[in-house]
Amino acid sequence: MLGVIATSLKENIYQAEAKLKFKGNTVTSSLTDVGKAIGGFSPIADRGNPIATEAEVLRSVPLIKETIEDPQLNLKSADGQKLSVNAFSRKLKVGSLPSTDILKVSYSSEDPEQAAKIVNTLVRNYLQNNQIVNTAEAVSAREFLEVQLPKVEESLRKTEAAIRQLKESNEFVAPAEDTKALITSQKDLEDQIVKTRGELANAESQANYIREKLGLSTQEAFILSTVGQSAEIRGTVARLKEAESELAIAQAKFTDNSPNVIDLKNEINSLQKLLEQQASSVGGTKAVEVLRNNKSGVVQQELTSELIKWEASNFGLQRQLTSLQGLADSRQEKIKKVPEIEEKLSKLEREAQSYESSYEVLWKQLETVKIAESQDPGNVRVISNAVVPTTPVSSRAVGYLASGSLALLAAAGVIYLLEISDKSIKTIEEAKQLYGYTWLGVIPSTDHVNHLSLPEAEDSDPLIPKLVVRDYPSLPLSESYRMLQSNIKFLNSDRTAKTIVITSSATQEGKSAVAANLAAAMAQVGNKVLLVDANLHSPSQHRIWDRYNDSGLSNVIAEQLDPRMTIDEVMPNLDLLTSGTATLSPATLLDSQRMRMLMDYWSERYDFVIFDTPSLDMTADAPIMGRMADGVLLVVRPGFVERSQAAFTKDMLAQSGINMLGIIFNGITPQFDSTPFYYQALASQQSTQQNRLTDGTSSSKGELWDTISSMSKESKKSKLAANLGEEELQFAPIEKLESMVASLQQDLGDLDLLVREQEEELLNQRQKVKKLQRQANVATENERFYLENELSQEQERKRMLDETLVGQKRNLEKRREMLHQYQQVLETRKNASTQIL
């Protein structure tokens with residue numbers, strides 16, 4: 001029905017389109033390989049789709065804004081205001097044709113001529129931007145290459161010099177051949193040493209043999225040989241031998257007193273004295289003594305000469321052997337150093353080859369880039385510009401058919417969904433059987449009966465869990481948390497679980513709300529409690545307690561901050577430590593020695609430490625924390641967890657080896673429990689309490705319209721919505737209501753953009769404050785004075801930005817509520833008009 005009504009009010013829509021073709025790459029894009037080699041131009045996503053990237057560029061906000069602000073187009077919304085980026089984007093379509101390098105750009109409008117102009121203007125702006133970007137890339141590439149090229153050349157020159165010095169210092173010209181020759185020469189030396197040792201042994205043996213025959217030492221033999229070489233001594237020796245021979249003949253013939261015998265003896269004595277004198281003049285006193293002790297050696301001249309020859313040979317061979325051995329040792333040491341030298345040389349040669357390759361690539365690319373700067377660097381061409389469409393892409397007939405088809409599909413879908421079996425856990429009893437853990441408490445849902453929901457503050461966010469224990473301590477719902485904390489306290493009388501990890505099987509089970517209210521309940525009975533937001537992926541405790549999250553657990557662990565500087569007291573006996581700034585590896589931080597030390601430290605200072613951790617289907621943070629803590633509490637919400645997920649959770653917890661304290665059932669309604677009388681009593685008590693809390697207020701229909709009217713006045717751009725009460729809205733023309741809704745939508749879009757800009761500014765300011773804090777911690781006394789003054793000013797500015805952002809967010813939520821109410825009125829009026837027709 002609604003589709004038919006909408007179709008009847010809908011105008012014909014025309015779509016104009018243009019097509020762009022992309023080249024494989026440009027001169028600049030070819031630098032990617034160089035970037036990978038030297039780290040200068042590598043893309044963020046090497047496997048990205050270039051066509052998809054360019055499609056996102058066409059859909060980018062700057063290009064759309066530039067097109068909207070083109071004076072020739074004069075784009076306006078239905079209420080006469082400048083067309084918003086979101087409204088433009090909804091009518092713009094950019095996509096690639098399958099298996100091609102062609103991108104299709106189309107725009108839908110009720111005016112066919114305007115649609116064609118918009119597409120052509122957007123394409124023109126994109127082409128100009130593409131050329132500017134590519135030219136800038138070419139210039140940037142050239143500047144980078146001009147800086148890098150001399151550096152690579154210098155590194156290459158130093159490496160080549162190091163190779164040359166290494167070869168010269170170790171006498172290597174061609175390392176492979178020189179090493180082979182060195183080993184061969186070492187083997188030859190060893191063969192020569194063996195041969196020389198043999199010759200030396202032979203010479204020593206010959207000398208010893210002759211020495212034994214002569215009965216002389218080497219020195220004595222040398223002296224006798226020297227004496228025997230004198231001609232005078234040889235003559236005297238000859239005459240002495242002749243006289244001794246004659247004496248022997250004379251003694252045979254005559255007596256010793258014979259004159260002949262006496263004369264011969266005197267002659268022999270004279271000759272002996274003469275021989276000693278001659279020997280003394282030739283060889284000194286030692287020669288006389290040797291000659292006296294061994295007169296017969298004079299006649300053994302040949303043996304003596306032979307002995308001296310072998311002794312000389314022995315001396316020469318000994319020196320030769322010493323020289324060869326020293327040379328062999330020197331070469332052996334050089335051979336031992338060969339592997340080390342080869343390793344150094346190989347490393348230097350690889351470096352030189354790498355630098356040489358990089359230098360060649362850089363030089364070629366530099367020449368290419370210089371050429372690219374003087375050419376058209378664009379990589380896109382227009383295949384076809386947009387022409388004025390003559391046939392609408394959307395008409396009423398098509399709308400009627402589509403509405404009917406959608407109705408049939410919706411009916412079939414509903415039937416199919418109803419037939420699908422529900423795999424989720426439906427009751428508390430079923431959850432007890434699946435998990436098998438002790439159940440410690442039941443937290444009822446706040447909206448299972450009428451009037452049981454908690455009173456809403458005017459500026460409260462419905463997505464943020466309520467602190468019922470703190471804000472509504474007298475409600476029976478708060479008593480559920482007090483019963484839970486009592487059960488946990490007396491769960492084990494021997495050893496109280498002081499450090500408790502709270503997690504769940506899946507998201508949206510309310511574990512953060514349970515953690516916050518349980519900590520508040522423990523604090524209300526006098527326990528000193530610390531609540532730690534250990535969900536470093538998607539923290540929520542800072543929003544629950546309305547606190548800043550610029551410094552918290554991640555900063556305490558990673559930056560070694562004092563935990564006392566980041567902990568904030570949120571209510572009596574209850575301290576809060578937020579998650580802190582985002583980190584890339586939360587599991588690494590949590591599974592650290594620093595985290596264990598902090599847990600021990602907190603367990604000594606507090607009666608209870610509650611850790612709010614991510615759900616088990618997201619990360620392994622909860623098991624990591626559970627192994628360090630005293631126990632783990634599992635929050636289960638029937639209707640949100642499937643049976644297979646529950647089995648997976650149980651297996652994970654069992655394998656982690658943690659101490660499971662039990663289960664907390666959260667968000668329970670009578671349909672999940674077999675004891676509905678408890679919820680009936682709770683509804684009765686809570687309704688009475690809520691009537692007291694909301695006494696003096698009215699929920700009449702008239703006040704709703706007063707609220708809409710007051711919020712309408714707050715809108716600067718929604719002038720048509722001002723001062724309209726219930727009666728005026730009921731009787732105002734539908735066209736006027738549509739104009740009011742469109743104006744509010746425009747206003748809401750602008751305000752949403754403003755809020756995002758303020759959030760980014762606040763984030764930058766927080767980073768600036770954090771940087772000043774670090775500088776102040778390490779600064780000198782003189783520097784600290786000025787840094788602290790600057791830090792104080794920046795902190796005050798951060799506080800003002802934070803307060804402004806909070807106000808803007810509240811205003812944004814009010815405007816959304818006002819728009820929703822106006823849309824409901826408009827829809828009701830349209831339905832009434834349709835029924836009348």
# chains A, B, ... in the order shown; residues from 1 in each chain; ligands from 1
call {"tool": "residues_around", "arguments": {"residues": "Ala52 in chain A", "least_positions_apart": "6", "cutoff": "10 Å", "atoms": "only C-alpha atoms", "output": "number ranges by chain"}}
result
A: 58, 94-96, 103
call {"tool": "select_by_dssp", "arguments": {"residues": "range 621-671 of chain A", "states": "helix (DSSP H, G or I)", "output": "ChimeraX atom specification"}}
result
/A:621-628,643-656,670-671
call {"tool": "residues_around", "arguments": {"residues": "Ala352 in chain A", "least_positions_apart": "2", "cutoff": "7 Å", "atoms": "only C-alpha atoms", "output": "list of chain:residue names"}}
result
A:Leu156, A:Thr159, A:Glu160, A:Leu348, A:Glu349, A:Arg350, A:Ser354, A:Tyr355, A:Glu356
call {"tool": "write_last_selection", "arguments": {"atoms": "N, CA and C atoms", "output": "compact mmCIF listing (two decimals), in the first residue's frame"}}
result
# COMPACT_ATOMS: atom_id res chain seq x y z
N LEU A 156 77.78 2.76 -3.18
CA LEU A 156 78.43 1.85 -4.11
C LEU A 156 79.93 2.07 -4.12
N THR A 159 81.54 0.69 -0.96
CA THR A 159 81.56 -0.77 -0.94
C THR A 159 82.64 -1.31 -1.86
N GLU A 160 82.80 -0.72 -3.04
CA GLU A 160 83.85 -1.16 -3.95
C GLU A 160 85.23 -0.91 -3.35
N LEU A 348 80.21 -8.05 0.86
CA LEU A 348 80.49 -6.77 0.22
C LEU A 348 80.11 -6.81 -1.26
N GLU A 349 80.36 -7.93 -1.92
CA GLU A 349 80.00 -8.03 -3.34
C GLU A 349 78.50 -7.99 -3.54
N ARG A 350 77.73 -8.64 -2.61
CA ARG A 350 76.26 -8.57 -2.70
C ARG A 350 75.78 -7.14 -2.51
N SER A 354 73.82 -4.95 -5.19
CA SER A 354 72.53 -4.34 -4.88
C SER A 354 72.56 -2.83 -5.15
N TYR A 355 73.62 -2.17 -4.69
CA TYR A 355 73.74 -0.73 -4.93
C TYR A 355 73.83 -0.43 -6.42
N GLU A 356 74.57 -1.26 -7.15
CA GLU A 356 74.71 -1.02 -8.58
C GLU A 356 73.37 -1.18 -9.29
call {"tool": "atom_distance", "arguments": {"atom1": "CA of Ala620 in chain A", "atom2": "CA of Ala587 in chain A"}}
result
7.3 Å
call {"tool": "atom_distance", "arguments": {"atom1": "CA of Gln320 in chain A", "atom2": "CA of Ile193 in chain A"}}
result
8.7 Å
call {"tool": "residues_around", "arguments": {"residues": "Ala558 in chain A", "least_positions_apart": "6", "cutoff": "10 Å", "atoms": "only C-alpha atoms", "output": "list of chain:residue names"}}
result
A:Thr583, A:Thr588, A:Leu589, A:Leu590, A:Ser592, A:Arg594, A:Met595
call {"tool": "write_last_selection", "arguments": {"atoms": "N, CA, C and O atoms", "output": "PDB file, in the first residue's frame"}}
result
ATOM      1  N   THR A 583      44.879   0.871  20.646  1.00  0.00           N
ATOM      2  CA  THR A 583      46.166   0.249  20.365  1.00  0.00           C
ATOM      3  C   THR A 583      45.989  -0.824  19.310  1.00  0.00           C
ATOM      4  O   THR A 583      44.895  -1.360  19.125  1.00  0.00           O
ATOM      5  N   THR A 588      48.545  -8.309  23.242  1.00  0.00           N
ATOM      6  CA  THR A 588      49.942  -8.230  23.669  1.00  0.00           C
ATOM      7  C   THR A 588      50.078  -7.411  24.939  1.00  0.00           C
ATOM      8  O   THR A 588      50.859  -7.756  25.840  1.00  0.00           O
ATOM      9  N   LEU A 589      49.328  -6.304  25.027  1.00  0.00           N
ATOM     10  CA  LEU A 589      49.381  -5.487  26.234  1.00  0.00           C
ATOM     11  C   LEU A 589      48.830  -6.240  27.438  1.00  0.00           C
ATOM     12  O   LEU A 589      49.423  -6.227  28.522  1.00  0.00           O
ATOM     13  N   LEU A 590      47.674  -6.899  27.259  1.00  0.00           N
ATOM     14  CA  LEU A 590      47.032  -7.580  28.387  1.00  0.00           C
ATOM     15  C   LEU A 590      47.839  -8.785  28.845  1.00  0.00           C
ATOM     16  O   LEU A 590      47.891  -9.087  30.033  1.00  0.00           O
ATOM     17  N   SER A 592      50.940  -9.364  29.405  1.00  0.00           N
ATOM     18  CA  SER A 592      52.280  -8.842  29.673  1.00  0.00           C
ATOM     19  C   SER A 592      52.579  -8.914  31.164  1.00  0.00           C
ATOM     20  O   SER A 592      51.683  -9.030  31.997  1.00  0.00           O
ATOM     21  N   ARG A 594      53.722  -6.499  32.869  1.00  0.00           N
ATOM     22  CA  ARG A 594      53.223  -5.252  33.459  1.00  0.00           C
ATOM     23  C   ARG A 594      51.774  -5.416  33.924  1.00  0.00           C
ATOM     24  O   ARG A 594      51.402  -4.949  35.001  1.00  0.00           O
ATOM     25  N   MET A 595      50.942  -6.124  33.142  1.00  0.00           N
ATOM     26  CA  MET A 595      49.547  -6.346  33.518  1.00  0.00           C
ATOM     27  C   MET A 595      49.461  -7.223  34.761  1.00  0.00           C
ATOM     28  O   MET A 595      48.623  -6.978  35.644  1.00  0.00           O
TER      29      MET A 595
END
